[in-house]
Amino acid sequence: MFRSRSTSKDEQAAAAKVTAGRPETSQQPRDPQAPKGRPTPKRSEANSQRRSLAKTPANRKEATKRARETRRADLAKQREALANGDERFLPVRDKGPVRRFVRDFVDARYSVAEFFLPLAVVILILSMVNRGAFQTYVLLAWMIVIALIVINSLITGLSLKRALKQRFPDENLRGAVAYGLMRTLQMRRLRLPKPQVKRGEKPRGEKP
């Protein structure tokens, strides 16, 4: 009987020593909002969490509205970039040093293809004149214009391909020549992104 009491006292004393040796069991104030078993978050982290929660849309309608506003803002930035050549907001197909070089290469040169639209309008008007052999001359003029565009496009494509290989030997040039030829079909003032070089200038980044 006495032995059991002494043993019980010894166990209680040992338990008290173990409890006293644990620093984490000391009484410390805990944030009532902090999850159980986790340290109290810092004020900066708490503020960041509050801001993220505030930005989270409350419902599907609000989420759709925010997505629409974001898309509208992105399109506005793209239109502005197409006008001033800001690389940060250009569409994906116009981004990168390769595409910029192609645009400058094309914009610095005259091409027959860029006058295709006004020439086509003139030939269409002339084709309405029905006087003897005049229609034959109009058809001949139309064939000459087409032949000049094809020849000029071949020369431009080969020159551009050679220049790209010299300037970007290790870059992926897939689609770059076609991108440049499509640009030659547009009138200079209507091209997007807007030309950043004058006629006869070297493309940006090309050695003089």
# chains A, B, ... in the order shown; residues from 1 in each chain; ligands from 1
call {"tool": "residues_around", "arguments": {"residues": "segment 137-141 of chain A", "least_positions_apart": "4", "cutoff": "10 Å", "atoms": "only C-alpha atoms", "output": "list in words"}}
result
Leu119, Val122, Ile123, Leu124, Ile125, Leu126, Ser127, Met128, Val129, Ala133, Val145, Ile146 and Ala147 of chain A
call {"tool": "write_last_selection", "arguments": {"atoms": "C-alpha atoms", "output": "compact mmCIF listing (two decimals), in the first residue's frame"}}
result
# COMPACT_ATOMS: atom_id res chain seq x y z
CA LEU A 119 -4.11 48.91 -109.43
CA VAL A 122 -8.06 51.09 -111.78
CA ILE A 123 -8.07 47.99 -113.99
CA LEU A 124 -11.62 47.16 -112.88
CA ILE A 125 -12.81 50.62 -113.91
CA LEU A 126 -10.99 50.42 -117.25
CA SER A 127 -12.54 47.03 -117.93
CA MET A 128 -15.96 48.71 -118.06
CA VAL A 129 -14.92 50.69 -121.13
CA ALA A 133 -9.59 46.25 -128.67
CA VAL A 145 0.53 43.33 -112.87
CA ILE A 146 0.07 39.74 -111.69
CA ALA A 147 3.40 38.69 -113.25
call {"tool": "residues_around", "arguments": {"residues": "segment 188-190 of chain A", "least_positions_apart": "3", "cutoff": "8 Å", "atoms": "only C-alpha atoms", "output": "ChimeraX atom specification"}}
result
/A:107,114,194-195
call {"tool": "select_by_dssp", "arguments": {"residues": "segment 56-132 of chain A", "states": "alpha helix (DSSP H)", "output": "PyMOL selection string"}}
result
chain A and resi 60-84+97-107+116-126
call {"tool": "residues_around", "arguments": {"residues": "Ser153 of chain A", "least_positions_apart": "2", "cutoff": "9 Å", "atoms": "only C-alpha atoms", "output": "JSON, numbers by chain"}}
result
{"A": [111, 112, 113, 148, 149, 150, 151, 155, 156, 157, 158, 181, 184]}
call {"tool": "residues_around", "arguments": {"residues": "Leu90 of chain A", "least_positions_apart": "5", "cutoff": "12 Å", "atoms": "only C-alpha atoms", "output": "list in words"}}
result
Asp74, Leu75, Ala76, Lys77, Gln78, Arg79, Glu80, Ala81, Leu82, Ala83, Asn84, Gly85, Lys95, Gly96, Arg99, Arg100, Leu192, Pro193 and Lys194 of chain A
call {"tool": "write_last_selection", "arguments": {"atoms": "N, CA, C and O atoms", "output": "CSV table (one decimal), in the first residue's frame"}}
result
chain,number,residue,atom,x,y,z
A,74,ASP,N,-6.9,44.4,-72.4
A,74,ASP,CA,-5.8,43.8,-73.1
A,74,ASP,C,-5.9,44.1,-74.6
A,74,ASP,O,-4.9,44.4,-75.3
A,75,LEU,N,-7.2,44.2,-75.2
A,75,LEU,CA,-7.3,44.6,-76.6
A,75,LEU,C,-6.9,46.0,-76.8
A,75,LEU,O,-6.4,46.4,-77.8
A,76,ALA,N,-7.3,46.9,-75.8
A,76,ALA,CA,-6.9,48.3,-76.0
A,76,ALA,C,-5.4,48.4,-76.0
A,76,ALA,O,-4.8,49.2,-76.7
A,77,LYS,N,-4.7,47.7,-75.1
A,77,LYS,CA,-3.2,47.7,-75.1
A,77,LYS,C,-2.6,47.2,-76.4
A,77,LYS,O,-1.6,47.7,-76.9
A,78,GLN,N,-3.3,46.1,-77.0
A,78,GLN,CA,-2.8,45.6,-78.2
A,78,GLN,C,-3.0,46.6,-79.4
A,78,GLN,O,-2.0,46.8,-80.2
A,79,ARG,N,-4.1,47.3,-79.4
A,79,ARG,CA,-4.3,48.3,-80.4
A,79,ARG,C,-3.3,49.4,-80.3
A,79,ARG,O,-2.7,49.9,-81.3
A,80,GLU,N,-3.0,49.9,-79.1
A,80,GLU,CA,-2.0,50.9,-78.9
A,80,GLU,C,-0.6,50.4,-79.3
A,80,GLU,O,0.2,51.1,-79.9
A,81,ALA,N,-0.3,49.1,-79.0
A,81,ALA,CA,1.0,48.6,-79.3
A,81,ALA,C,1.1,48.4,-80.8
A,81,ALA,O,2.2,48.6,-81.4
A,82,LEU,N,0.1,48.1,-81.5
A,82,LEU,CA,0.1,48.0,-83.0
A,82,LEU,C,0.4,49.4,-83.6
A,82,LEU,O,1.0,49.4,-84.7
A,83,ALA,N,0.0,50.4,-82.9
A,83,ALA,CA,0.2,51.8,-83.5
A,83,ALA,C,1.6,52.3,-83.2
A,83,ALA,O,2.2,53.0,-84.0
A,84,ASN,N,2.2,52.0,-82.0
A,84,ASN,CA,3.5,52.5,-81.6
A,84,ASN,C,4.6,51.5,-81.6
A,84,ASN,O,5.7,51.8,-81.3
A,85,GLY,N,4.3,50.2,-81.8
A,85,GLY,CA,5.3,49.2,-81.9
A,85,GLY,C,5.8,48.7,-80.5
A,85,GLY,O,6.9,48.1,-80.5
A,95,LYS,N,5.2,39.2,-82.1
A,95,LYS,CA,6.2,39.4,-81.1
A,95,LYS,C,7.6,38.8,-81.5
A,95,LYS,O,7.6,37.9,-82.3
A,96,GLY,N,8.6,39.3,-80.9
A,96,GLY,CA,9.9,38.7,-81.1
A,96,GLY,C,10.8,39.5,-82.0
A,96,GLY,O,10.3,40.2,-82.9
A,99,ARG,N,10.3,38.6,-86.0
A,99,ARG,CA,9.1,39.3,-86.7
A,99,ARG,C,9.4,40.8,-86.8
A,99,ARG,O,9.0,41.4,-87.8
A,100,ARG,N,10.1,41.4,-85.8
A,100,ARG,CA,10.4,42.8,-85.9
A,100,ARG,C,11.3,43.0,-87.1
A,100,ARG,O,11.2,44.0,-87.9
A,192,LEU,N,-0.2,47.0,-90.0
A,192,LEU,CA,-0.1,46.8,-88.5
A,192,LEU,C,0.7,45.7,-88.1
A,192,LEU,O,0.6,44.6,-88.7
A,193,PRO,N,1.6,45.9,-87.2
A,193,PRO,CA,2.0,47.1,-86.5
A,193,PRO,C,2.6,48.1,-87.5
A,193,PRO,O,3.1,47.8,-88.6
A,194,LYS,N,2.5,49.4,-87.1
A,194,LYS,CA,2.9,50.5,-88.0
A,194,LYS,C,4.4,50.4,-88.3
A,194,LYS,O,5.2,50.0,-87.5
